[in-house]
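Working notes, structure below.
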Amino acid sequence: TASRGIGSARLAVSALFLANGFTAGLWSVFVPVVQRNLGIGEADMGWLILTGASAGFVGLMLSGILVARMGSRPVAVLSGLALAPGLLLLSTASQFTVAVAFFVLFFLAMSIMDVAMNANGAETEKLAGKAIMSSFHGFWSMGGMLGAASGGFLLAMFGQSGIALASATACLALTGLAYPFLVPPQAHGDTDPASARVRAFRLPGSPMVYVFGLFALAAFTAEGSVIDWSALFLRKEMSADVEFSGFAFAGFSCAMMISRFGG
């Protein structure tokens, strides 16, 4: 039935959000590992993170073009598969230049997946005929909470390979399970490549879009600071054990999860 199909599509999108959030949560614990492997200080680590964030910004724009041409389902799935080896690659980086390349790939895949899964979620919401987008973001926060809360224990028990394999397994398994049930490209109306190119490069005309964009930037800056720096702060400044190094972002994600599932 149609309702069963929509329900399956909703679960599939939720799985993508969960995988992406889980990887972000594991990354929050992985930051001190990368810094230690490279033997760099906070300043150089900041430049690395800025490089990754810049790649993520490019990915946001690139994803819009890809989704307009191909539909959100293949873009979300392919970027999810590309995200799977991200932490595994970063765990092997012992030189700064190599780490830069892996940072670019990791954040590029994460941001492309972010846009594509949101686009598919928006189409699923249209088919459902009710507001469900907040619940998708709730699953992202749930993934972030689970990844950050478990990441320290995985690191303590299995080392950096434990975190990397957990991220790869989550991305591959959840993306693979979600793929058959995501809203397909033809349901998006993505049938005219020429018009898709025009839509992809058209800037919003309303100034309110840019105002809300600034609000989103401020919120994401706060979130990004917790993701990228909280584990380092807990371990270096608060002398926290490695098992608990992800608890700051886990608590942050838990609060977001509650508000998002609350609508």
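Chain labels follow the order of the structure tokens: the first chain is A, the next B, and so on; residue numbering restarts at 1 in every chain, and ligands are counted from 1 in their shown order.
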
Show me, as a PDB file with C-alpha atoms, in the first residue's frame, the residues that have an atom within 9 Å of Leu232 (chain A) when counting only C-alpha atoms, minus same-chain residues fewer than 6 positions from it.
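After the write, selection.pdb holds the following:
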```
ATOM      1  CA  SER A  28      34.267  13.975  17.660  1.00  0.00           C
ATOM      2  CA  VAL A  29      36.195  11.325  19.629  1.00  0.00           C
ATOM      3  CA  VAL A  31      40.014  14.343  16.690  1.00  0.00           C
ATOM      4  CA  PRO A  32      42.628  13.803  19.457  1.00  0.00           C
ATOM      5  CA  SER A 245      36.025  11.936  25.906  1.00  0.00           C
TER       6      SER A 245
END
```

Quiz item: CA of Gly213 (chain A) and CA of Phe22 (chain A), how far apart in Å?
Solution: 25.0 Å

Quick one: which region 40-137 of chain A residues come within 12 Å of region 247-256 of chain A, and what is the nearest atom pair for each with the distance in Å to one decimal, counting only C-alpha atoms, rows ordered by chain and ascending number, as CSV?
```
residue,atom,partner,partner_atom,distance
A:Ser134,CA,A:Met256,CA,10.5
A:Ser135,CA,A:Met256,CA,11.0
A:Phe136,CA,A:Met256,CA,11.9
A:His137,CA,A:Met256,CA,8.8
```

Take the selection from the previous step and output its residues with N, CA and C atoms, as a PDB file, in the first residue's frame.
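Listed below is the output, selection31.pdb:
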```pdb
ATOM      1  N   SER A 134      11.622  17.127  11.113  1.00  0.00           N
ATOM      2  CA  SER A 134      12.275  17.250  12.418  1.00  0.00           C
ATOM      3  C   SER A 134      12.672  15.887  12.972  1.00  0.00           C
ATOM      4  N   SER A 135      11.867  14.866  12.694  1.00  0.00           N
ATOM      5  CA  SER A 135      12.195  13.526  13.194  1.00  0.00           C
ATOM      6  C   SER A 135      13.438  12.971  12.507  1.00  0.00           C
ATOM      7  N   PHE A 136      13.642  13.316  11.222  1.00  0.00           N
ATOM      8  CA  PHE A 136      14.864  12.886  10.544  1.00  0.00           C
ATOM      9  C   PHE A 136      16.094  13.461  11.239  1.00  0.00           C
ATOM     10  N   HIS A 137      16.018  14.739  11.557  1.00  0.00           N
ATOM     11  CA  HIS A 137      17.139  15.380  12.251  1.00  0.00           C
ATOM     12  C   HIS A 137      17.286  14.835  13.667  1.00  0.00           C
TER      13      HIS A 137
END
```

Go through region 36-100 of chain A and flag each residue having an atom no more than 12 Å from region 159-177 of chain A; for those, report the closest pair of atoms plus their distance in Å to one decimal, using only C-alpha atoms, ordered by chain and rising number, as CSV.
```
residue,atom,partner,partner_atom,distance
A:Arg36,CA,A:Gln160,CA,11.3
A:Asn37,CA,A:Gln160,CA,10.4
A:Arg73,CA,A:Thr175,CA,10.4
A:Pro74,CA,A:Thr175,CA,10.7
A:Val75,CA,A:Thr175,CA,11.3
A:Ala76,CA,A:Thr175,CA,8.4
A:Val77,CA,A:Thr175,CA,6.0
A:Leu78,CA,A:Thr175,CA,8.8
A:Ser79,CA,A:Thr175,CA,9.5
A:Gly80,CA,A:Cys171,CA,6.1
A:Leu81,CA,A:Leu172,CA,6.0
A:Ala82,CA,A:Cys171,CA,8.8
A:Leu83,CA,A:Cys171,CA,7.0
A:Ala84,CA,A:Ala168,CA,4.1
A:Pro85,CA,A:Ala168,CA,5.6
A:Gly86,CA,A:Ala164,CA,7.8
A:Leu87,CA,A:Ala164,CA,4.9
A:Leu88,CA,A:Ala164,CA,4.7
A:Leu89,CA,A:Ala164,CA,8.3
A:Leu90,CA,A:Ala164,CA,8.6
A:Ser91,CA,A:Gln160,CA,6.6
A:Thr92,CA,A:Ser161,CA,9.5
A:Ala93,CA,A:Gln160,CA,11.9
```

Selection from above, C-alpha atoms, as a PDB file, in the first residue's frame, can you write it?
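Resulting contents of out10.pdb:
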```pdb
ATOM      1  CA  ARG A  36      48.448  12.649  18.132  1.00  0.00           C
ATOM      2  CA  ASN A  37      49.190  10.698  14.947  1.00  0.00           C
ATOM      3  CA  ARG A  73      18.590   8.805  -3.882  1.00  0.00           C
ATOM      4  CA  PRO A  74      21.727   7.886  -5.876  1.00  0.00           C
ATOM      5  CA  VAL A  75      23.631  10.888  -4.537  1.00  0.00           C
ATOM      6  CA  ALA A  76      22.738  10.067  -0.929  1.00  0.00           C
ATOM      7  CA  VAL A  77      23.675   6.414  -1.332  1.00  0.00           C
ATOM      8  CA  LEU A  78      26.937   6.972  -3.214  1.00  0.00           C
ATOM      9  CA  SER A  79      28.105   9.657  -0.790  1.00  0.00           C
ATOM     10  CA  GLY A  80      27.154   7.418   2.130  1.00  0.00           C
ATOM     11  CA  LEU A  81      29.312   4.650   0.693  1.00  0.00           C
ATOM     12  CA  ALA A  82      32.132   7.149   0.096  1.00  0.00           C
ATOM     13  CA  LEU A  83      31.878   8.285   3.719  1.00  0.00           C
ATOM     14  CA  ALA A  84      32.357   4.728   5.025  1.00  0.00           C
ATOM     15  CA  PRO A  85      36.177   4.551   4.753  1.00  0.00           C
ATOM     16  CA  GLY A  86      36.681   8.160   5.886  1.00  0.00           C
ATOM     17  CA  LEU A  87      37.873   7.552   9.444  1.00  0.00           C
ATOM     18  CA  LEU A  88      39.833   4.490   8.338  1.00  0.00           C
ATOM     19  CA  LEU A  89      41.793   6.647   5.893  1.00  0.00           C
ATOM     20  CA  LEU A  90      42.352   9.338   8.511  1.00  0.00           C
ATOM     21  CA  SER A  91      43.676   6.742  10.945  1.00  0.00           C
ATOM     22  CA  THR A  92      46.459   5.899   8.474  1.00  0.00           C
ATOM     23  CA  ALA A  93      47.577   9.498   7.902  1.00  0.00           C
TER      24      ALA A  93
END
```

Exercise. Tell me, as a PyMOL selection string, which residues lie within 8 Å of Phe103 (chain A), counting only C-alpha atoms; anything in the same chain fewer than 5 positions away does not count.
Key: chain A and resi 48-49+51-52+90

Deliver the residues from the most recent selection as a file, using C-alpha atoms, as a JSON list (two decimals), in the first residue's frame.
```
[["chain", "number", "residue", "atom", "x", "y", "z"],
["A", 48, "LEU", "CA", 43.12, 21.01, 9.20],
["A", 49, "ILE", "CA", 39.57, 21.34, 10.46],
["A", 51, "THR", "CA", 40.34, 22.82, 5.39],
["A", 52, "GLY", "CA", 37.78, 20.10, 5.97],
["A", 90, "LEU", "CA", 42.35, 9.34, 8.51]]
```

Quiz item: If we count only C-alpha atoms, what is near Phe181 (chain A) at a cut-off of 9 Å, once residues fewer than 4 positions away on the same chain are taken out, given as an NGL selection string?
Solution: :A and (5-6 or 8-13 or 177)
